[in-house]
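Content type PDB, C-alpha atoms, from the file work_37.pdb:
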ATOM      1  CA  MET A   1      -4.847 -43.604 -14.278  1.00  0.00           C
ATOM      2  CA  SER A   2      -5.959 -41.243 -16.991  1.00  0.00           C
ATOM      3  CA  ASP A   3      -4.176 -39.743 -19.953  1.00  0.00           C
ATOM      4  CA  VAL A   4      -3.809 -35.978 -19.684  1.00  0.00           C
ATOM      5  CA  SER A   5      -3.044 -33.965 -22.804  1.00  0.00           C
ATOM      6  CA  LEU A   6      -2.451 -30.215 -22.612  1.00  0.00           C
ATOM      7  CA  MET A   7      -0.910 -27.341 -24.498  1.00  0.00           C
ATOM      8  CA  VAL A   8       1.514 -25.939 -21.884  1.00  0.00           C
ATOM      9  CA  ASN A   9       3.512 -22.809 -22.623  1.00  0.00           C
ATOM     10  CA  GLY A  10       2.971 -23.342 -26.338  1.00  0.00           C
ATOM     11  CA  LYS A  11       4.004 -27.001 -26.388  1.00  0.00           C
ATOM     12  CA  ARG A  12       1.782 -30.065 -26.635  1.00  0.00           C
ATOM     13  CA  VAL A  13       2.395 -32.322 -23.637  1.00  0.00           C
ATOM     14  CA  SER A  14       0.779 -35.467 -22.331  1.00  0.00           C
ATOM     15  CA  GLY A  15       1.182 -37.952 -19.554  1.00  0.00           C
ATOM     16  CA  ALA A  16      -0.576 -40.376 -17.297  1.00  0.00           C
ATOM     17  CA  ALA A  17      -1.950 -39.175 -13.985  1.00  0.00           C
ATOM     18  CA  GLU A  18      -4.066 -40.604 -11.239  1.00  0.00           C
ATOM     19  CA  ASP A  19      -7.579 -39.192 -11.404  1.00  0.00           C
ATOM     20  CA  ARG A  20      -7.019 -37.358  -8.111  1.00  0.00           C
ATOM     21  CA  THR A  21      -3.811 -35.599  -9.259  1.00  0.00           C
ATOM     22  CA  LEU A  22      -4.089 -31.844  -8.969  1.00  0.00           C
ATOM     23  CA  LEU A  23      -3.010 -29.725 -11.917  1.00  0.00           C
ATOM     24  CA  VAL A  24      -0.304 -28.096  -9.778  1.00  0.00           C
ATOM     25  CA  HIS A  25       1.242 -31.503  -9.039  1.00  0.00           C
ATOM     26  CA  PHE A  26       0.986 -32.601 -12.671  1.00  0.00           C
ATOM     27  CA  LEU A  27       2.809 -29.429 -13.760  1.00  0.00           C
ATOM     28  CA  ARG A  28       5.505 -29.768 -11.111  1.00  0.00           C
ATOM     29  CA  GLU A  29       6.018 -33.520 -10.929  1.00  0.00           C
ATOM     30  CA  ASN A  30       5.126 -34.797 -14.392  1.00  0.00           C
ATOM     31  CA  LEU A  31       6.336 -31.829 -16.441  1.00  0.00           C
ATOM     32  CA  GLY A  32       9.088 -30.450 -14.193  1.00  0.00           C
ATOM     33  CA  LEU A  33       7.605 -26.928 -14.222  1.00  0.00           C
ATOM     34  CA  THR A  34       8.450 -26.022 -10.655  1.00  0.00           C
ATOM     35  CA  GLY A  35       7.811 -22.278 -10.947  1.00  0.00           C
ATOM     36  CA  THR A  36       4.198 -22.943  -9.982  1.00  0.00           C
ATOM     37  CA  HIS A  37       4.331 -23.316  -6.212  1.00  0.00           C
ATOM     38  CA  VAL A  38       2.252 -25.191  -3.664  1.00  0.00           C
ATOM     39  CA  GLY A  39       1.861 -22.889  -0.701  1.00  0.00           C
ATOM     40  CA  CYS A  40      -1.119 -23.752   1.426  1.00  0.00           C
ATOM     41  CA  ASP A  41      -2.974 -26.835   0.148  1.00  0.00           C
ATOM     42  CA  THR A  42      -6.243 -24.977   0.852  1.00  0.00           C
ATOM     43  CA  SER A  43      -6.486 -22.695  -2.232  1.00  0.00           C
ATOM     44  CA  GLN A  44      -6.068 -19.542  -0.179  1.00  0.00           C
ATOM     45  CA  CYS A  45      -2.515 -18.366  -0.902  1.00  0.00           C
ATOM     46  CA  GLY A  46      -2.454 -18.071  -4.706  1.00  0.00           C
ATOM     47  CA  ALA A  47       1.136 -19.329  -5.112  1.00  0.00           C
ATOM     48  CA  CYS A  48      -0.149 -21.888  -7.622  1.00  0.00           C
ATOM     49  CA  VAL A  49      -1.925 -19.513 -10.035  1.00  0.00           C
ATOM     50  CA  VAL A  50      -1.596 -20.387 -13.728  1.00  0.00           C
ATOM     51  CA  HIS A  51      -3.701 -19.432 -16.725  1.00  0.00           C
ATOM     52  CA  VAL A  52      -6.043 -22.101 -18.072  1.00  0.00           C
ATOM     53  CA  ASP A  53      -7.591 -21.182 -21.399  1.00  0.00           C
ATOM     54  CA  GLY A  54      -6.629 -17.570 -20.774  1.00  0.00           C
ATOM     55  CA  LYS A  55      -8.016 -17.208 -17.246  1.00  0.00           C
ATOM     56  CA  ALA A  56      -6.215 -17.182 -13.913  1.00  0.00           C
ATOM     57  CA  VAL A  57      -6.870 -20.400 -12.004  1.00  0.00           C
ATOM     58  CA  LYS A  58      -5.504 -21.720  -8.732  1.00  0.00           C
ATOM     59  CA  SER A  59      -4.017 -24.949 -10.009  1.00  0.00           C
ATOM     60  CA  CYS A  60      -4.462 -26.583  -6.605  1.00  0.00           C
ATOM     61  CA  THR A  61      -8.231 -26.400  -7.137  1.00  0.00           C
ATOM     62  CA  MET A  62      -8.296 -28.178 -10.490  1.00  0.00           C
ATOM     63  CA  LEU A  63      -7.613 -31.799 -11.300  1.00  0.00           C
ATOM     64  CA  ALA A  64      -5.178 -32.491 -14.107  1.00  0.00           C
ATOM     65  CA  VAL A  65      -7.835 -34.549 -15.904  1.00  0.00           C
ATOM     66  CA  GLN A  66     -10.203 -31.552 -15.731  1.00  0.00           C
ATOM     67  CA  ALA A  67      -7.601 -29.452 -17.526  1.00  0.00           C
ATOM     68  CA  SER A  68      -7.008 -32.068 -20.228  1.00  0.00           C
ATOM     69  CA  GLY A  69      -7.532 -30.487 -23.647  1.00  0.00           C
ATOM     70  CA  SER A  70      -6.876 -26.994 -22.286  1.00  0.00           C
ATOM     71  CA  THR A  71      -4.167 -24.467 -22.929  1.00  0.00           C
ATOM     72  CA  VAL A  72      -2.107 -23.721 -19.825  1.00  0.00           C
ATOM     73  CA  LEU A  73       0.334 -20.865 -19.313  1.00  0.00           C
ATOM     74  CA  THR A  74       2.718 -21.054 -16.373  1.00  0.00           C
ATOM     75  CA  ILE A  75       5.271 -18.551 -15.104  1.00  0.00           C
ATOM     76  CA  GLU A  76       7.910 -20.387 -17.183  1.00  0.00           C
ATOM     77  CA  GLY A  77       6.030 -19.535 -20.378  1.00  0.00           C
ATOM     78  CA  LEU A  78       5.321 -15.882 -19.650  1.00  0.00           C
ATOM     79  CA  ALA A  79       8.613 -14.345 -20.805  1.00  0.00           C
ATOM     80  CA  ASN A  80       9.480 -14.097 -24.486  1.00  0.00           C
ATOM     81  CA  GLY A  81      12.801 -15.885 -24.466  1.00  0.00           C
ATOM     82  CA  ALA A  82      15.262 -13.710 -22.564  1.00  0.00           C
ATOM     83  CA  ASP A  83      12.861 -10.743 -22.645  1.00  0.00           C
ATOM     84  CA  LEU A  84      10.821 -10.525 -19.465  1.00  0.00           C
ATOM     85  CA  HIS A  85       7.077  -9.998 -19.710  1.00  0.00           C
ATOM     86  CA  PRO A  86       6.195  -6.395 -18.690  1.00  0.00           C
ATOM     87  CA  VAL A  87       4.749  -7.648 -15.396  1.00  0.00           C
ATOM     88  CA  GLN A  88       7.924  -9.607 -14.607  1.00  0.00           C
ATOM     89  CA  ALA A  89      10.034  -6.563 -15.501  1.00  0.00           C
ATOM     90  CA  ALA A  90       7.904  -4.320 -13.279  1.00  0.00           C
ATOM     91  CA  PHE A  91       8.199  -6.718 -10.327  1.00  0.00           C
ATOM     92  CA  LYS A  92      11.975  -6.661 -10.786  1.00  0.00           C
ATOM     93  CA  GLU A  93      12.166  -2.866 -11.191  1.00  0.00           C
ATOM     94  CA  HIS A  94       9.821  -2.032  -8.303  1.00  0.00           C
ATOM     95  CA  HIS A  95      11.086  -4.730  -5.920  1.00  0.00           C
ATOM     96  CA  GLY A  96       7.714  -6.468  -5.896  1.00  0.00           C
ATOM     97  CA  LEU A  97       9.138  -9.538  -4.213  1.00  0.00           C
ATOM     98  CA  GLN A  98      10.874 -10.578  -1.054  1.00  0.00           C
ATOM     99  CA  CYS A  99      11.622 -14.303  -0.779  1.00  0.00           C
ATOM    100  CA  GLY A 100      10.010 -14.913  -4.181  1.00  0.00           C
ATOM    101  CA  PHE A 101       7.809 -17.829  -3.156  1.00  0.00           C
ATOM    102  CA  CYS A 102       4.507 -16.058  -3.890  1.00  0.00           C
ATOM    103  CA  THR A 103       5.908 -14.120  -6.849  1.00  0.00           C
ATOM    104  CA  PRO A 104       4.959 -16.529  -9.678  1.00  0.00           C
ATOM    105  CA  GLY A 105       1.340 -16.630  -8.516  1.00  0.00           C
ATOM    106  CA  MET A 106       1.281 -12.856  -7.988  1.00  0.00           C
ATOM    107  CA  ILE A 107       2.642 -12.276 -11.490  1.00  0.00           C
ATOM    108  CA  MET A 108       0.168 -14.681 -13.084  1.00  0.00           C
ATOM    109  CA  THR A 109      -2.693 -13.053 -11.166  1.00  0.00           C
ATOM    110  CA  ALA A 110      -1.452  -9.607 -12.189  1.00  0.00           C
ATOM    111  CA  THR A 111      -1.245 -10.476 -15.899  1.00  0.00           C
ATOM    112  CA  ASP A 112      -4.812 -11.761 -15.778  1.00  0.00           C
ATOM    113  CA  MET A 113      -5.939  -8.655 -13.882  1.00  0.00           C
ATOM    114  CA  ILE A 114      -4.305  -6.308 -16.388  1.00  0.00           C
ATOM    115  CA  SER A 115      -5.822  -8.164 -19.340  1.00  0.00           C
ATOM    116  CA  ARG A 116      -9.288  -7.829 -17.804  1.00  0.00           C
ATOM    117  CA  HIS A 117      -8.783  -4.084 -17.210  1.00  0.00           C
ATOM    118  CA  PRO A 118      -7.239  -2.812 -20.464  1.00  0.00           C
ATOM    119  CA  GLU A 119      -8.298   0.739 -19.609  1.00  0.00           C
ATOM    120  CA  GLY A 120      -5.860   0.655 -16.701  1.00  0.00           C
ATOM    121  CA  LEU A 121      -5.937  -0.061 -12.990  1.00  0.00           C
ATOM    122  CA  ASP A 122      -6.072   1.922  -9.791  1.00  0.00           C
ATOM    123  CA  GLU A 123      -4.657   0.997  -6.412  1.00  0.00           C
ATOM    124  CA  ALA A 124      -8.020   0.041  -4.900  1.00  0.00           C
ATOM    125  CA  THR A 125      -8.761  -2.391  -7.730  1.00  0.00           C
ATOM    126  CA  VAL A 126      -5.308  -3.983  -7.535  1.00  0.00           C
ATOM    127  CA  ARG A 127      -5.559  -4.443  -3.779  1.00  0.00           C
ATOM    128  CA  ALA A 128      -9.079  -5.897  -4.042  1.00  0.00           C
ATOM    129  CA  GLU A 129      -8.105  -8.331  -6.800  1.00  0.00           C
ATOM    130  CA  LEU A 130      -4.990  -9.496  -4.937  1.00  0.00           C
ATOM    131  CA  ASP A 131      -7.232 -10.685  -2.120  1.00  0.00           C
ATOM    132  CA  GLY A 132      -6.686 -14.331  -3.106  1.00  0.00           C
ATOM    133  CA  ASN A 133      -2.880 -14.056  -3.109  1.00  0.00           C
ATOM    134  CA  ILE A 134      -0.915 -14.044   0.113  1.00  0.00           C
ATOM    135  CA  CYS A 135       2.604 -12.754   0.582  1.00  0.00           C
ATOM    136  CA  ARG A 136       3.985 -13.537   4.002  1.00  0.00           C
ATOM    137  CA  CYS A 137       7.084 -11.340   3.620  1.00  0.00           C
ATOM    138  CA  THR A 138       5.874  -7.876   2.652  1.00  0.00           C
ATOM    139  CA  GLY A 139       3.141  -5.303   3.088  1.00  0.00           C
ATOM    140  CA  TYR A 140       2.152  -5.501  -0.601  1.00  0.00           C
ATOM    141  CA  HIS A 141       3.143  -1.876  -1.274  1.00  0.00           C
ATOM    142  CA  ASN A 142       5.822  -2.726  -3.852  1.00  0.00           C
ATOM    143  CA  ILE A 143       3.691  -5.494  -5.380  1.00  0.00           C
ATOM    144  CA  VAL A 144       0.886  -2.986  -5.964  1.00  0.00           C
ATOM    145  CA  LYS A 145       3.389  -0.442  -7.366  1.00  0.00           C
ATOM    146  CA  ALA A 146       4.741  -3.076  -9.751  1.00  0.00           C
ATOM    147  CA  ILE A 147       1.289  -4.071 -11.009  1.00  0.00           C
ATOM    148  CA  LEU A 148       0.261  -0.442 -11.530  1.00  0.00           C
ATOM    149  CA  ALA A 149       3.503   0.244 -13.426  1.00  0.00           C
ATOM    150  CA  ALA A 150       3.034  -2.836 -15.609  1.00  0.00           C
ATOM    151  CA  SER A 151      -0.564  -1.852 -16.299  1.00  0.00           C
ATOM    152  CA  THR A 152       0.567   1.586 -17.448  1.00  0.00           C
ATOM    153  CA  THR A 153       3.330   0.098 -19.609  1.00  0.00           C
ATOM    154  CA  MET A 154       1.011  -2.456 -21.187  1.00  0.00           C
ATOM    155  CA  LYS A 155      -1.767   0.108 -21.722  1.00  0.00           C
ATOM    156  CA  GLY A 156       0.759   2.414 -23.428  1.00  0.00           C
ATOM    157  CA  SER A 157       2.137  -0.330 -25.663  1.00  0.00           C
ATOM    158  CA  LYS A 158      -1.395  -1.270 -26.783  1.00  0.00           C
ATOM    159  CA  GLY A 159      -2.074   2.345 -27.687  1.00  0.00           C
ATOM    160  CA  LYS A 160       1.166   2.539 -29.697  1.00  0.00           C
ATOM    161  CA  ALA A 161       0.297  -0.701 -31.472  1.00  0.00           C
ATOM    162  CA  LYS A 162      -3.125   0.681 -32.424  1.00  0.00           C
ATOM    163  CA  GLN A 163      -1.570   3.901 -33.748  1.00  0.00           C
ATOM    164  CA  ALA A 164       0.948   1.958 -35.810  1.00  0.00           C
ATOM    165  CA  ALA A 165      -1.726  -0.257 -37.364  1.00  0.00           C
TER     166      ALA A 165
END
Would you encode the structure as structure tokens?
Amino acid sequence: MSDVSLMVNGKRVSGAAEDRTLLVHFLRENLGLTGTHVGCDTSQCGACVVHVDGKAVKSCTMLAVQASGSTVLTIEGLANGADLHPVQAAFKEHHGLQCGFCTPGMIMTATDMISRHPEGLDEATVRAELDGNICRCTGYHNIVKAILAASTTMKGSKGKAKQAA
């Protein structure tokens, strides 16, 4: 057993975990953060995506002890209280979900994607970067629409913030 200490969704947390415990299992089982899903056990579906030190990571590919000392953001920490994050709001508005199982990973991937492309996104880029996320319910059309809408919203809000400064 090893001690794992993380900053998760803005809160310092710690706990004991076997050295072979995956980050996704530590989040779900030790911390009760069940929004991060386990979908495939082979790191192909993307349902387990979280941000580790500001970058999207499939939490089924990282050991909890490897993440110790890191800052982790899960789907539970994305919203600002009752106010949805712009990506969450866009998924809701554009029906970017079906059963919802892949949605947390899609949203976490999308927020990372948008942050890496502050100039905005196009459909081809969104589709290419979603390659590591699988949705078994839909044809991705509404997911792509939601990400493009969120990108536009977030790009516009950054521009307004710069003008106000």
Legend entry - Selected residue of minimal separation from A:Ile75 among A:Leu97, A:Met108, A:Ala90, A:Val4, counting only C-alpha atoms: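 Distance minimum relative to A:Ile75 lands on A:Met108.
Going from atom CA of A:Arg127 to atom CA of A:Pro104 covers 17.1 Å.
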Inset, instruction - Excluding A:Leu33 and any residue of its chain fewer than 3 positions from it, enumerate the residues within 10 Å of it, using only C-alpha atoms, and give them as an MDAnalysis selection string. - result: chainID A and resid 8 24:30 36:37 74:77
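For A:Val144, the residues within 9 Å (counting all atoms listed in the file, excluding itself and residues fewer than 6 positions away along the chain) are Gly96, Glu123, Val126, Arg127 and Leu130 of chain A.
Among the candidates A:Gly15, A:Gly35, A:Pro118, A:Gly10, the one nearest to A:Ser68 when counting all atoms listed in the file is A:Gly15.
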Legend entry - Test item: the PyMOL selection byres ((chain A and resi 145-159) around 8) resolved as a PyMOL selection string: chain A and resi 86-87+89-91+93-96+110+114+118-123+126+141-144+160-163
Inset, instruction - Have a look at A:Val38, A:Val50, A:Ala128, A:Met1 and name the one nearest to A:Leu78; count all atoms listed in the file. - result: A:Val50
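The gap separating atom CA of A:Ala82 from atom CA of A:Gly54 is 22.3 Å, in Å to one decimal.
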Inset, instruction - Using all atoms listed in the file, pick whichever of A:Ile134, A:Cys102, A:Ser2, A:Asn9 has the shortest atom-to-atom distance to A:Asn80. - result: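 Closest residue, counting all atoms listed in the file: A:Asn9.
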Legend entry - Point-to-point distance in Å for atom CA of A:Phe101 and atom CA of A:Gly39: 8.2 Å
Inset, instruction - Just say which residues the PyMOL selection byres ((chain A and resi 19) around 8) picks in this file, as a ChimeraX atom specification. - result: /A:1-2,17-18,20-21,63-65
I need the chosen residues saved as a compact mmCIF listing (two decimals), in the frame of the given file, with C-alpha atoms.
# COMPACT_ATOMS: atom_id res chain seq x y z
CA MET A 1 -4.85 -43.60 -14.28
CA SER A 2 -5.96 -41.24 -16.99
CA ALA A 17 -1.95 -39.17 -13.98
CA GLU A 18 -4.07 -40.60 -11.24
CA ARG A 20 -7.02 -37.36 -8.11
CA THR A 21 -3.81 -35.60 -9.26
CA LEU A 63 -7.61 -31.80 -11.30
CA ALA A 64 -5.18 -32.49 -14.11
CA VAL A 65 -7.84 -34.55 -15.90
Please, could N, CA and C atoms be added to stretch 119-147 of chain A and the result written as a PDB file, keeping the file's coordinate frame?
ATOM      1  N   GLU A 119      -8.242  -0.718 -19.762  1.00  0.00           N
ATOM      2  CA  GLU A 119      -8.298   0.739 -19.609  1.00  0.00           C
ATOM      3  C   GLU A 119      -7.338   1.234 -18.538  1.00  0.00           C
ATOM      4  N   GLY A 120      -6.788   0.314 -17.766  1.00  0.00           N
ATOM      5  CA  GLY A 120      -5.860   0.655 -16.701  1.00  0.00           C
ATOM      6  C   GLY A 120      -6.413   0.260 -15.343  1.00  0.00           C
ATOM      7  N   LEU A 121      -5.577   0.360 -14.349  1.00  0.00           N
ATOM      8  CA  LEU A 121      -5.937  -0.061 -12.990  1.00  0.00           C
ATOM      9  C   LEU A 121      -5.686   1.073 -12.010  1.00  0.00           C
ATOM     10  N   ASP A 122      -6.375   1.016 -10.894  1.00  0.00           N
ATOM     11  CA  ASP A 122      -6.072   1.922  -9.791  1.00  0.00           C
ATOM     12  C   ASP A 122      -5.702   1.074  -8.579  1.00  0.00           C
ATOM     13  N   GLU A 123      -5.156   1.718  -7.578  1.00  0.00           N
ATOM     14  CA  GLU A 123      -4.657   0.997  -6.412  1.00  0.00           C
ATOM     15  C   GLU A 123      -5.738   0.181  -5.718  1.00  0.00           C
ATOM     16  N   ALA A 124      -6.930   0.749  -5.589  1.00  0.00           N
ATOM     17  CA  ALA A 124      -8.020   0.041  -4.900  1.00  0.00           C
ATOM     18  C   ALA A 124      -8.387  -1.250  -5.634  1.00  0.00           C
ATOM     19  N   THR A 125      -8.426  -1.194  -6.945  1.00  0.00           N
ATOM     20  CA  THR A 125      -8.761  -2.391  -7.730  1.00  0.00           C
ATOM     21  C   THR A 125      -7.671  -3.449  -7.584  1.00  0.00           C
ATOM     22  N   VAL A 126      -6.417  -3.033  -7.672  1.00  0.00           N
ATOM     23  CA  VAL A 126      -5.308  -3.983  -7.535  1.00  0.00           C
ATOM     24  C   VAL A 126      -5.362  -4.655  -6.171  1.00  0.00           C
ATOM     25  N   ARG A 127      -5.520  -3.867  -5.128  1.00  0.00           N
ATOM     26  CA  ARG A 127      -5.559  -4.443  -3.779  1.00  0.00           C
ATOM     27  C   ARG A 127      -6.743  -5.392  -3.612  1.00  0.00           C
ATOM     28  N   ALA A 128      -7.899  -5.033  -4.150  1.00  0.00           N
ATOM     29  CA  ALA A 128      -9.079  -5.897  -4.042  1.00  0.00           C
ATOM     30  C   ALA A 128      -8.869  -7.210  -4.798  1.00  0.00           C
ATOM     31  N   GLU A 129      -8.275  -7.133  -5.982  1.00  0.00           N
ATOM     32  CA  GLU A 129      -8.105  -8.331  -6.800  1.00  0.00           C
ATOM     33  C   GLU A 129      -6.941  -9.211  -6.346  1.00  0.00           C
ATOM     34  N   LEU A 130      -6.063  -8.676  -5.509  1.00  0.00           N
ATOM     35  CA  LEU A 130      -4.990  -9.496  -4.937  1.00  0.00           C
ATOM     36  C   LEU A 130      -5.455 -10.234  -3.687  1.00  0.00           C
ATOM     37  N   ASP A 131      -6.698 -10.087  -3.340  1.00  0.00           N
ATOM     38  CA  ASP A 131      -7.232 -10.685  -2.120  1.00  0.00           C
ATOM     39  C   ASP A 131      -6.958 -12.185  -2.020  1.00  0.00           C
ATOM     40  N   GLY A 132      -6.917 -12.888  -3.118  1.00  0.00           N
ATOM     41  CA  GLY A 132      -6.686 -14.331  -3.106  1.00  0.00           C
ATOM     42  C   GLY A 132      -5.230 -14.733  -3.180  1.00  0.00           C
ATOM     43  N   ASN A 133      -4.322 -13.777  -3.076  1.00  0.00           N
ATOM     44  CA  ASN A 133      -2.880 -14.056  -3.109  1.00  0.00           C
ATOM     45  C   ASN A 133      -2.254 -13.538  -1.823  1.00  0.00           C
ATOM     46  N   ILE A 134      -1.526 -14.412  -1.161  1.00  0.00           N
ATOM     47  CA  ILE A 134      -0.915 -14.044   0.113  1.00  0.00           C
ATOM     48  C   ILE A 134       0.595 -13.978  -0.036  1.00  0.00           C
ATOM     49  N   CYS A 135       1.155 -12.883   0.450  1.00  0.00           N
ATOM     50  CA  CYS A 135       2.604 -12.754   0.582  1.00  0.00           C
ATOM     51  C   CYS A 135       2.881 -12.651   2.073  1.00  0.00           C
ATOM     52  N   ARG A 136       3.703 -13.534   2.565  1.00  0.00           N
ATOM     53  CA  ARG A 136       3.985 -13.537   4.002  1.00  0.00           C
ATOM     54  C   ARG A 136       5.195 -12.678   4.368  1.00  0.00           C
ATOM     55  N   CYS A 137       5.853 -12.090   3.362  1.00  0.00           N
ATOM     56  CA  CYS A 137       7.084 -11.340   3.620  1.00  0.00           C
ATOM     57  C   CYS A 137       6.918  -9.824   3.592  1.00  0.00           C
ATOM     58  N   THR A 138       5.922  -9.314   2.916  1.00  0.00           N
ATOM     59  CA  THR A 138       5.874  -7.876   2.652  1.00  0.00           C
ATOM     60  C   THR A 138       4.486  -7.298   2.910  1.00  0.00           C
ATOM     61  N   GLY A 139       4.400  -6.008   2.880  1.00  0.00           N
ATOM     62  CA  GLY A 139       3.141  -5.303   3.088  1.00  0.00           C
ATOM     63  C   GLY A 139       2.415  -5.004   1.793  1.00  0.00           C
ATOM     64  N   TYR A 140       2.796  -5.613   0.699  1.00  0.00           N
ATOM     65  CA  TYR A 140       2.152  -5.501  -0.601  1.00  0.00           C
ATOM     66  C   TYR A 140       2.400  -4.177  -1.321  1.00  0.00           C
ATOM     67  N   HIS A 141       2.979  -3.189  -0.656  1.00  0.00           N
ATOM     68  CA  HIS A 141       3.143  -1.876  -1.274  1.00  0.00           C
ATOM     69  C   HIS A 141       3.897  -1.968  -2.604  1.00  0.00           C
ATOM     70  N   ASN A 142       5.039  -2.637  -2.620  1.00  0.00           N
ATOM     71  CA  ASN A 142       5.822  -2.726  -3.852  1.00  0.00           C
ATOM     72  C   ASN A 142       5.176  -3.641  -4.891  1.00  0.00           C
ATOM     73  N   ILE A 143       4.428  -4.633  -4.445  1.00  0.00           N
ATOM     74  CA  ILE A 143       3.691  -5.494  -5.380  1.00  0.00           C
ATOM     75  C   ILE A 143       2.649  -4.661  -6.106  1.00  0.00           C
ATOM     76  N   VAL A 144       1.912  -3.850  -5.364  1.00  0.00           N
ATOM     77  CA  VAL A 144       0.886  -2.986  -5.964  1.00  0.00           C
ATOM     78  C   VAL A 144       1.545  -1.992  -6.916  1.00  0.00           C
ATOM     79  N   LYS A 145       2.661  -1.377  -6.496  1.00  0.00           N
ATOM     80  CA  LYS A 145       3.389  -0.442  -7.366  1.00  0.00           C
ATOM     81  C   LYS A 145       3.809  -1.125  -8.663  1.00  0.00           C
ATOM     82  N   ALA A 146       4.298  -2.340  -8.573  1.00  0.00           N
ATOM     83  CA  ALA A 146       4.741  -3.076  -9.751  1.00  0.00           C
ATOM     84  C   ALA A 146       3.582  -3.358 -10.698  1.00  0.00           C
ATOM     85  N   ILE A 147       2.451  -3.762 -10.163  1.00  0.00           N
ATOM     86  CA  ILE A 147       1.289  -4.071 -11.009  1.00  0.00           C
ATOM     87  C   ILE A 147       0.771  -2.808 -11.679  1.00  0.00           C
TER      88      ILE A 147
END
